[in-house]
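> Below you'll find the structure I mean.
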Amino acid sequence: MLHTIAAFDRLGEENAFAVLARATALAHQGRDIINLGIGQPDFKTPQHIVEAAIKALRDGHHGYTPANGLLATREAVVRRTLTTTGVEVSPENVMILPGGKPTMFAAILMFGEPGAEILYPDPGFPIYRSMIEFTGADPVPVPIREENGFAFSADETLALITPKTRLLILNSPANPTGGVTPRAEIEKLVKGLENHPQVAIMSDEIYDVMTYDGETHCSLLDFPEIRDRLIVLNGWSKTWAMTGWRMGWSIWPNGEKGAHLYDKVRKLAVNCWSCVNAPSQFAGIAAIDGPQDDVEKMMRAFDNRRKIVVEGLNALPGISCITPKGAFYAFPNVSKTGWKAKKLASALLEDAGVALIGGPDFGVLGEGYVRLSYANSEENILRALERIEAFLKK
Ligand code: PLP
């Protein structure tokens, strides 16, 4: 990697933050803005989790914690992983980091260098490409297609692997599309990866519990044959409505090679953020071990809104939207509205007071789409749909 200003110049952005800033500025001017742009639950963190953090502070947990996370928090992640995947991982492979992003930062930094190729989903979370370019590696987009339900295609992914490929980034359930890759496709992908032992895999499973219509999440942890080169990204942000707490975890490869990687991330933590603050880590334990009623309530609300959004969008002129099976995003096709996606997103914010994100902010294949987050109230979603309809009919 080139540690020069030029490398920093290659860093991208997450446009959701810019849209949020613009929406906030317009709201400050007195405009009534409905924000369907930002990817965070509109719910508060459940109260028992907040109480656990307050108790930790009252109990005097004010100092540094180990760079890889408190053992108790890592053990909670082990329990949670067993519940959700049936796979028993070791706390020695679990790292606690300040959010989900630091895992992708560490993994991409480790495998990216000039001459290396890294495969990432397009459309996909914008930070993947940004970080790949930062390292000087070549970003190789894996097409995520509407006609495929916005799932990964094993054949298409495998066909992109070359001797230079170092890392494959997967994400299901997915941002920005809400796509869920079915187990059969993941099985096929894993089988194909056996022919490419030089390729490490980072599976971003941050939306793992957020699936609908009986769809289930298939974790890459389910495949012991790739466990010695698999990094799983997960965290508290989405599931327990904790985006601002900056709490994430990752599960690193097992075996001797995995231990080396783990130690490298631990060292990165020591150099960069030292540790995650103790109260948040105690809150993280409470989130995993405490009642999940609030999570279930949130998921029921998302499910209802998802149906409203999909039905409402499909009734709009020029717009079609497949039913997302996961996360809390819809990714409608707007190519028949006569608008370019980013222009449409910006006009909807400025003229109609509805914030959403243009698909091209998630990759070249995002042209013709916009991302709409349904982490907002039913009432606001209905009002937003009315405004979009009025705007399109103008
Ligand atoms: N991965 C995906 C796919 C996401 O959508 C996000 C957040 O939007 C993250 C990772 C980052 O999560 P965090 O806020 O915990 O860093």
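Naming works like this for the structure tokens: A, B, ... for the chains as they're shown, residue 1 at the start of each chain, ligands 1 onward in shown order.
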Leaving out region 365-380 of chain A and any residue of its chain fewer than 4 positions from it, which residues lie within 9 Å of it when counting only C-alpha atoms, given as a short mmCIF file (atom, residue, chain, number, x, y, z; two decimals) with N, CA and C atoms, in the first residue's frame?

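The resulting file, part.cif, is reproduced below:
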data_model
loop_
_atom_site.label_atom_id
_atom_site.label_comp_id
_atom_site.auth_asym_id
_atom_site.auth_seq_id
_atom_site.Cartn_x
_atom_site.Cartn_y
_atom_site.Cartn_z
N ILE A 34 -38.88 14.19 5.06
CA ILE A 34 -39.06 12.80 5.48
C ILE A 34 -37.78 12.05 5.08
N ASN A 35 -37.11 11.50 6.08
CA ASN A 35 -35.81 10.90 5.78
C ASN A 35 -35.91 9.40 5.58
N LEU A 36 -35.81 8.99 4.33
CA LEU A 36 -35.75 7.56 4.02
C LEU A 36 -34.35 7.24 3.49
N GLY A 37 -33.40 8.08 3.89
CA GLY A 37 -32.05 7.96 3.35
C GLY A 37 -31.10 7.17 4.25
N ILE A 38 -31.20 7.38 5.53
CA ILE A 38 -30.16 6.85 6.41
C ILE A 38 -30.43 5.39 6.80
N GLY A 39 -29.34 4.61 6.87
CA GLY A 39 -29.48 3.17 7.17
C GLY A 39 -29.34 2.88 8.64
N GLN A 40 -30.25 3.43 9.41
CA GLN A 40 -30.22 3.05 10.83
C GLN A 40 -31.64 2.92 11.37
N PRO A 41 -31.86 1.93 12.25
CA PRO A 41 -33.20 1.76 12.80
C PRO A 41 -33.67 3.06 13.46
N ASP A 42 -34.97 3.35 13.32
CA ASP A 42 -35.52 4.56 13.93
C ASP A 42 -35.99 4.27 15.35
N PHE A 43 -35.60 3.13 15.89
CA PHE A 43 -35.98 2.76 17.26
C PHE A 43 -34.86 3.15 18.21
N ASP A 122 -21.58 -5.17 -6.32
CA ASP A 122 -22.00 -3.91 -6.96
C ASP A 122 -23.40 -4.13 -7.53
N PRO A 123 -24.43 -3.42 -7.03
CA PRO A 123 -24.37 -2.43 -5.98
C PRO A 123 -24.08 -3.06 -4.61
N GLY A 124 -23.37 -2.29 -3.79
CA GLY A 124 -23.00 -2.79 -2.46
C GLY A 124 -22.65 -1.63 -1.55
N PRO A 143 -21.36 -8.39 -10.06
CA PRO A 143 -22.70 -7.85 -10.34
C PRO A 143 -23.78 -8.49 -9.47
N ILE A 144 -24.59 -7.63 -8.89
CA ILE A 144 -25.73 -8.09 -8.08
C ILE A 144 -26.97 -7.64 -8.85
N ARG A 145 -27.69 -8.61 -9.40
CA ARG A 145 -28.71 -8.27 -10.40
C ARG A 145 -30.13 -8.41 -9.87
N ASN A 175 -27.16 -4.59 1.94
CA ASN A 175 -27.33 -3.17 1.75
C ASN A 175 -26.70 -2.89 0.38
N PRO A 176 -27.33 -2.22 -0.55
CA PRO A 176 -28.55 -1.43 -0.44
C PRO A 176 -29.81 -2.13 -0.95
N THR A 177 -29.71 -3.38 -1.36
CA THR A 177 -30.81 -3.98 -2.14
C THR A 177 -31.84 -4.73 -1.31
N ALA A 301 -42.32 -4.49 12.90
CA ALA A 301 -42.59 -3.15 12.33
C ALA A 301 -41.93 -3.02 10.96
N PHE A 302 -40.68 -3.47 10.84
CA PHE A 302 -39.99 -3.40 9.53
C PHE A 302 -40.75 -4.20 8.48
N ASN A 304 -43.97 -4.93 8.33
CA ASN A 304 -45.18 -4.22 7.90
C ASN A 304 -44.84 -3.08 6.95
N ARG A 305 -43.83 -2.33 7.32
CA ARG A 305 -43.46 -1.18 6.49
C ARG A 305 -42.96 -1.63 5.13
N ARG A 306 -42.23 -2.74 5.13
CA ARG A 306 -41.70 -3.29 3.88
C ARG A 306 -42.85 -3.54 2.91
N ILE A 308 -45.81 -2.14 2.91
CA ILE A 308 -46.39 -0.85 2.50
C ILE A 308 -45.52 -0.19 1.43
N VAL A 309 -44.21 -0.23 1.66
CA VAL A 309 -43.28 0.41 0.72
C VAL A 309 -43.35 -0.26 -0.65
N PHE A 328 -33.38 -3.55 5.85
CA PHE A 328 -34.55 -2.64 5.89
C PHE A 328 -34.49 -1.63 4.76
N TYR A 329 -34.16 -2.17 3.57
CA TYR A 329 -34.06 -1.31 2.39
C TYR A 329 -34.91 -1.87 1.25
N ALA A 330 -35.45 -0.93 0.46
CA ALA A 330 -36.04 -1.31 -0.81
C ALA A 330 -35.18 -0.65 -1.89
N PHE A 331 -35.08 -1.31 -3.03
CA PHE A 331 -34.19 -0.81 -4.10
C PHE A 331 -34.99 -0.79 -5.40
N PRO A 332 -35.95 0.18 -5.47
CA PRO A 332 -36.82 0.21 -6.65
C PRO A 332 -36.10 0.62 -7.92
N ASN A 333 -36.59 0.05 -9.03
CA ASN A 333 -36.09 0.37 -10.35
C ASN A 333 -36.83 1.63 -10.83
N VAL A 334 -36.08 2.70 -11.07
CA VAL A 334 -36.71 3.96 -11.47
C VAL A 334 -36.35 4.33 -12.90
N SER A 335 -35.82 3.36 -13.64
CA SER A 335 -35.28 3.69 -14.96
C SER A 335 -36.37 4.13 -15.94
N LYS A 336 -37.63 3.76 -15.64
CA LYS A 336 -38.69 4.15 -16.59
C LYS A 336 -39.37 5.47 -16.19
N TRP A 339 -35.97 9.77 -15.36
CA TRP A 339 -34.96 10.47 -14.55
C TRP A 339 -33.72 9.58 -14.40
N LYS A 340 -32.55 10.22 -14.35
CA LYS A 340 -31.34 9.54 -13.88
C LYS A 340 -31.48 9.40 -12.37
N ALA A 341 -31.00 8.29 -11.83
CA ALA A 341 -31.29 7.98 -10.43
C ALA A 341 -30.82 9.06 -9.45
N LYS A 342 -29.59 9.54 -9.64
CA LYS A 342 -29.07 10.52 -8.66
C LYS A 342 -29.80 11.85 -8.77
N LEU A 344 -32.86 12.17 -9.70
CA LEU A 344 -34.18 11.95 -9.11
C LEU A 344 -34.10 12.07 -7.59
N ALA A 345 -33.08 11.43 -7.01
CA ALA A 345 -32.92 11.47 -5.55
C ALA A 345 -32.76 12.90 -5.08
N ALA A 355 -35.98 12.36 1.49
CA ALA A 355 -34.57 12.00 1.35
C ALA A 355 -34.44 10.52 1.08
N LEU A 356 -33.79 10.18 -0.03
CA LEU A 356 -33.38 8.80 -0.30
C LEU A 356 -32.06 8.85 -1.06
N ILE A 357 -31.49 7.71 -1.38
CA ILE A 357 -30.14 7.71 -1.94
C ILE A 357 -30.17 7.18 -3.37
N GLY A 358 -29.46 7.86 -4.27
CA GLY A 358 -29.36 7.40 -5.65
C GLY A 358 -28.56 6.10 -5.73
N GLY A 359 -29.05 5.16 -6.53
CA GLY A 359 -28.38 3.87 -6.66
C GLY A 359 -26.91 3.95 -7.05
N PRO A 360 -26.49 4.91 -7.93
CA PRO A 360 -25.08 4.98 -8.31
C PRO A 360 -24.14 5.21 -7.13
N ASP A 361 -24.66 5.66 -5.99
CA ASP A 361 -23.80 5.79 -4.81
C ASP A 361 -23.38 4.43 -4.28
N ALA A 384 -44.44 9.99 2.41
CA ALA A 384 -43.35 10.07 1.42
C ALA A 384 -43.83 9.52 0.08
N LEU A 385 -44.57 8.41 0.12
CA LEU A 385 -45.06 7.80 -1.13
C LEU A 385 -46.00 8.78 -1.86
#
> Extract, using only C-alpha atoms, all DNA, RNA and protein residues at most 9 Å from Asp155 (chain A), discarding same-chain residues fewer than 6 positions from it, and format them as a list of chain:residue names.
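Final neighbour list, sorted by chain and number: A:Glu185, A:Lys188, A:Leu189, A:Gly192.
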> Figure out the distance between CA of Trp240 (chain A) and CA of Glu75 (chain A), please, to one decimal in Å.
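Here the two named atoms are 17.9 Å from each other.
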> So that I can see what lies close to Ile5 (chain A), please list as a compact mmCIF listing (two decimals) with C-alpha atoms, in the first residue's frame the residues with an atom at most 12 Å from it, counting only C-alpha atoms and leaving out residues fewer than 5 positions away in the same chain.

# COMPACT_ATOMS: atom_id res chain seq x y z
CA ARG A 10 -8.69 7.67 -3.26
CA LEU A 11 -10.96 7.24 -0.22
CA PHE A 134 -7.24 3.14 -0.60
> Name the residues of region 22-134 of chain A that come out as strand (DSSP E or B) in a backbone DSSP run; write them as a CSV table (one decimal) with N, CA and C atoms, in the first residue's frame.

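This went into result_6.csv:
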chain,number,residue,atom,x,y,z
A,34,ILE,N,-38.9,14.2,5.1
A,34,ILE,CA,-39.1,12.8,5.5
A,34,ILE,C,-37.8,12.1,5.1
A,35,ASN,N,-37.1,11.5,6.1
A,35,ASN,CA,-35.8,10.9,5.8
A,35,ASN,C,-35.9,9.4,5.6
A,94,VAL,N,-12.6,-14.3,18.3
A,94,VAL,CA,-13.6,-13.2,18.3
A,94,VAL,C,-12.9,-11.9,18.6
A,95,MET,N,-13.2,-10.9,17.9
A,95,MET,CA,-12.6,-9.6,18.2
A,95,MET,C,-13.8,-8.6,18.3
A,96,ILE,N,-13.7,-7.7,19.3
A,96,ILE,CA,-14.7,-6.6,19.5
A,96,ILE,C,-14.0,-5.3,19.0
A,97,LEU,N,-14.8,-4.7,18.1
A,97,LEU,CA,-14.2,-3.5,17.5
A,97,LEU,C,-15.3,-2.3,17.5
A,117,GLU,N,-6.3,-8.2,-6.5
A,117,GLU,CA,-7.7,-7.9,-6.9
A,117,GLU,C,-8.6,-8.3,-5.7
A,118,ILE,N,-9.5,-7.4,-5.5
A,118,ILE,CA,-10.5,-7.8,-4.4
A,118,ILE,C,-11.9,-7.7,-5.0
A,119,LEU,N,-12.7,-8.7,-4.9
A,119,LEU,CA,-14.0,-8.8,-5.4
A,119,LEU,C,-15.0,-8.3,-4.4
A,120,TYR,N,-15.9,-7.4,-4.8
A,120,TYR,CA,-16.9,-6.8,-3.9
A,120,TYR,C,-18.2,-6.7,-4.6
A,121,PRO,N,-19.4,-6.7,-3.9
A,121,PRO,CA,-20.7,-6.6,-4.6
A,121,PRO,C,-21.0,-5.2,-5.1
A,122,ASP,N,-21.6,-5.2,-6.3
A,122,ASP,CA,-22.0,-3.9,-7.0
A,122,ASP,C,-23.4,-4.1,-7.5
> For a quick check of understanding, using only C-alpha atoms, which of A:Gly112, A:Gly149, A:Pro126, A:Gly284 has the smallest distance to Gly99 (chain A)?
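Of the candidates, the smallest distance to Gly99 (chain A) is held by A:Gly284.
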> For each of A:Glu215, A:Glu194, A:Glu14, A:Glu88, take the minimum atom-to-atom distance to Arg129 (chain A), counting only C-alpha atoms, then give the residue where this is smallest.
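Ranking A:Glu215, A:Glu194, A:Glu14, A:Glu88 by distance to Arg129 (chain A), first place goes to A:Glu14.
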> Given the choices A:Val180, A:Ile161, A:Leu268, A:Ile186, which gets closest to ligand 1 if the distance is worked out from only C-alpha atoms and all ligand atoms?
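Ranking A:Val180, A:Ile161, A:Leu268, A:Ile186 by distance to ligand 1, first place goes to A:Val180.
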> What's the 9 Å shell around Lys264 (chain A), counting only C-alpha atoms, without same-chain residues fewer than 5 positions away, as JSON, numbers by chain?
{"A": [106, 110, 259, 269]}
> With only C-alpha atoms and all ligand atoms as the atoms that count, which of A:Met298, A:Leu349, A:Ala327, A:Cys272 lies nearest to ligand 1?
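Closest to ligand 1, using only C-alpha atoms and all ligand atoms: A:Ala327.
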> Would you please work out which residue, of A:Val295, A:Leu26, A:Leu57, A:Val232, is nearest to ligand 1 when using only C-alpha atoms and all ligand atoms?
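Among the listed residues, the smallest separation from ligand 1 belongs to A:Val232.
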> Run DSSP on the backbone of this structure and report the residues of region 82-242 of chain A it assigns to alpha helix (DSSP H), as a ChimeraX atom specification.
/A:82-85,101-111,126-135,154-159,183-193
> Could you turn the residues from that selection into a file that holds N, CA and C atoms, as a short mmCIF file (atom, residue, chain, number, x, y, z; two decimals), in the first residue's frame?

data_model
loop_
_atom_site.label_atom_id
_atom_site.label_comp_id
_atom_site.auth_asym_id
_atom_site.auth_seq_id
_atom_site.Cartn_x
_atom_site.Cartn_y
_atom_site.Cartn_z
N LEU A 82 -23.54 -19.26 18.38
CA LEU A 82 -24.07 -20.63 18.52
C LEU A 82 -25.59 -20.63 18.32
N THR A 83 -26.26 -19.63 18.91
CA THR A 83 -27.72 -19.56 18.78
C THR A 83 -28.13 -19.31 17.33
N THR A 84 -27.46 -18.40 16.65
CA THR A 84 -27.94 -18.01 15.32
C THR A 84 -27.43 -18.93 14.20
N THR A 85 -26.27 -19.56 14.41
CA THR A 85 -25.71 -20.38 13.31
C THR A 85 -25.55 -21.85 13.69
N LYS A 101 -17.65 -1.34 10.62
CA LYS A 101 -16.71 -0.85 9.61
C LYS A 101 -15.25 -1.23 9.89
N PRO A 102 -14.76 -1.15 11.15
CA PRO A 102 -13.35 -1.47 11.37
C PRO A 102 -12.97 -2.88 10.92
N THR A 103 -13.92 -3.81 10.89
CA THR A 103 -13.58 -5.15 10.41
C THR A 103 -13.28 -5.11 8.91
N MET A 104 -14.12 -4.36 8.16
CA MET A 104 -13.83 -4.30 6.71
C MET A 104 -12.55 -3.53 6.46
N PHE A 105 -12.32 -2.50 7.27
CA PHE A 105 -11.09 -1.72 7.18
C PHE A 105 -9.88 -2.64 7.36
N ALA A 106 -9.92 -3.44 8.44
CA ALA A 106 -8.78 -4.31 8.75
C ALA A 106 -8.60 -5.38 7.67
N ALA A 107 -9.71 -6.02 7.28
CA ALA A 107 -9.60 -7.14 6.33
C ALA A 107 -9.11 -6.64 4.97
N ILE A 108 -9.65 -5.51 4.52
CA ILE A 108 -9.27 -5.01 3.20
C ILE A 108 -7.82 -4.51 3.21
N LEU A 109 -7.45 -3.89 4.33
CA LEU A 109 -6.06 -3.43 4.49
C LEU A 109 -5.08 -4.60 4.46
N MET A 110 -5.49 -5.72 5.04
CA MET A 110 -4.61 -6.89 5.11
C MET A 110 -4.36 -7.52 3.76
N PHE A 111 -5.42 -7.57 2.95
CA PHE A 111 -5.30 -8.31 1.69
C PHE A 111 -5.11 -7.41 0.47
N PRO A 126 -20.85 1.18 0.04
CA PRO A 126 -19.83 1.94 -0.69
C PRO A 126 -18.42 1.89 -0.09
N ILE A 127 -18.34 1.57 1.19
CA ILE A 127 -17.04 1.60 1.85
C ILE A 127 -16.13 0.45 1.37
N TYR A 128 -16.74 -0.65 0.88
CA TYR A 128 -15.89 -1.74 0.37
C TYR A 128 -14.96 -1.20 -0.72
N ARG A 129 -15.58 -0.58 -1.73
CA ARG A 129 -14.78 -0.09 -2.86
C ARG A 129 -13.81 1.00 -2.42
N SER A 130 -14.31 1.88 -1.56
CA SER A 130 -13.47 2.97 -1.08
C SER A 130 -12.19 2.43 -0.43
N MET A 131 -12.35 1.45 0.43
CA MET A 131 -11.19 0.90 1.14
C MET A 131 -10.27 0.13 0.20
N ILE A 132 -10.86 -0.58 -0.76
CA ILE A 132 -10.04 -1.33 -1.72
C ILE A 132 -9.15 -0.34 -2.48
N GLU A 133 -9.75 0.76 -2.92
CA GLU A 133 -8.97 1.75 -3.68
C GLU A 133 -7.90 2.40 -2.81
N PHE A 134 -8.21 2.57 -1.55
CA PHE A 134 -7.24 3.14 -0.60
C PHE A 134 -5.95 2.31 -0.58
N THR A 135 -6.13 0.98 -0.61
CA THR A 135 -4.95 0.10 -0.51
C THR A 135 -4.18 0.03 -1.83
N ALA A 154 -23.35 -17.51 -7.81
CA ALA A 154 -22.10 -18.24 -7.57
C ALA A 154 -21.27 -18.30 -8.86
N ASP A 155 -21.94 -18.61 -9.98
CA ASP A 155 -21.20 -18.78 -11.24
C ASP A 155 -20.51 -17.47 -11.64
N GLU A 156 -21.29 -16.39 -11.55
CA GLU A 156 -20.73 -15.10 -11.97
C GLU A 156 -19.58 -14.68 -11.06
N THR A 157 -19.72 -14.95 -9.76
CA THR A 157 -18.67 -14.58 -8.80
C THR A 157 -17.41 -15.39 -9.08
N LEU A 158 -17.57 -16.69 -9.23
CA LEU A 158 -16.41 -17.56 -9.41
C LEU A 158 -15.67 -17.23 -10.72
N ALA A 159 -16.45 -16.83 -11.74
CA ALA A 159 -15.83 -16.52 -13.04
C ALA A 159 -14.92 -15.30 -12.96
N ARG A 183 -29.24 -20.34 0.37
CA ARG A 183 -28.25 -21.33 0.81
C ARG A 183 -27.66 -22.09 -0.37
N ALA A 184 -28.51 -22.52 -1.32
CA ALA A 184 -28.03 -23.34 -2.44
C ALA A 184 -26.94 -22.60 -3.22
N GLU A 185 -27.12 -21.29 -3.38
CA GLU A 185 -26.14 -20.49 -4.14
C GLU A 185 -24.84 -20.38 -3.34
N ILE A 186 -24.97 -20.24 -2.03
CA ILE A 186 -23.76 -20.12 -1.19
C ILE A 186 -23.01 -21.46 -1.18
N GLU A 187 -23.76 -22.54 -1.14
CA GLU A 187 -23.12 -23.87 -1.19
C GLU A 187 -22.30 -24.03 -2.47
N LYS A 188 -22.92 -23.59 -3.58
CA LYS A 188 -22.25 -23.69 -4.88
C LYS A 188 -20.98 -22.82 -4.90
N LEU A 189 -21.11 -21.64 -4.30
CA LEU A 189 -19.98 -20.72 -4.25
C LEU A 189 -18.83 -21.32 -3.43
N VAL A 190 -19.18 -21.86 -2.26
CA VAL A 190 -18.15 -22.44 -1.38
C VAL A 190 -17.47 -23.60 -2.10
N LYS A 191 -18.26 -24.41 -2.79
CA LYS A 191 -17.69 -25.56 -3.52
C LYS A 191 -16.66 -25.05 -4.54
N GLY A 192 -17.06 -24.00 -5.27
CA GLY A 192 -16.16 -23.43 -6.28
C GLY A 192 -14.92 -22.82 -5.66
N LEU A 193 -15.06 -22.27 -4.46
CA LEU A 193 -13.91 -21.62 -3.81
C LEU A 193 -12.84 -22.63 -3.41
#
> When you draw a straight line from CA of Pro139 (chain A) to CA of Glu205 (chain A), how long is it in Å?
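CA of Pro139 (chain A) sits 20.6 Å away from CA of Glu205 (chain A).
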> Please identify all polymer residues within 10 Å of Val209 (chain A), counting only C-alpha atoms, omitting same-chain residues fewer than 2 positions from it, and present them as a list in words.
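Within the cut-off, the hits are Thr84, Pro173, Glu205, Ile206, Tyr207, Thr211, Tyr212, Thr216, His217, Lys238, Thr239, Val295, Glu296, Met299, Gly326 and Ala327 of chain A.
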> Got a sec: who's within 7 Å of region 223-227 of chain A, counting only C-alpha atoms, leaving out chain neighbours fewer than 3 positions off, as a PyMOL selection string?
chain A and resi 220+230+253-254
> In Å, rounded to a single decimal, give me how far CA of Pro98 (chain A) is from atom 16 (O, counted along the ligand's line) of ligand 1.
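Separation between atom 16 (O, counted along the ligand's line) of ligand 1 and CA of Pro98 (chain A): 7.3 Å.
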> For a quick check of understanding, using only C-alpha atoms and all ligand atoms, which of A:Ile201, A:Ala137, A:Ala241, A:Ala352 has the smallest distance to ligand 1?
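With only C-alpha atoms and all ligand atoms as the atom set, the closest residue is A:Ala241.
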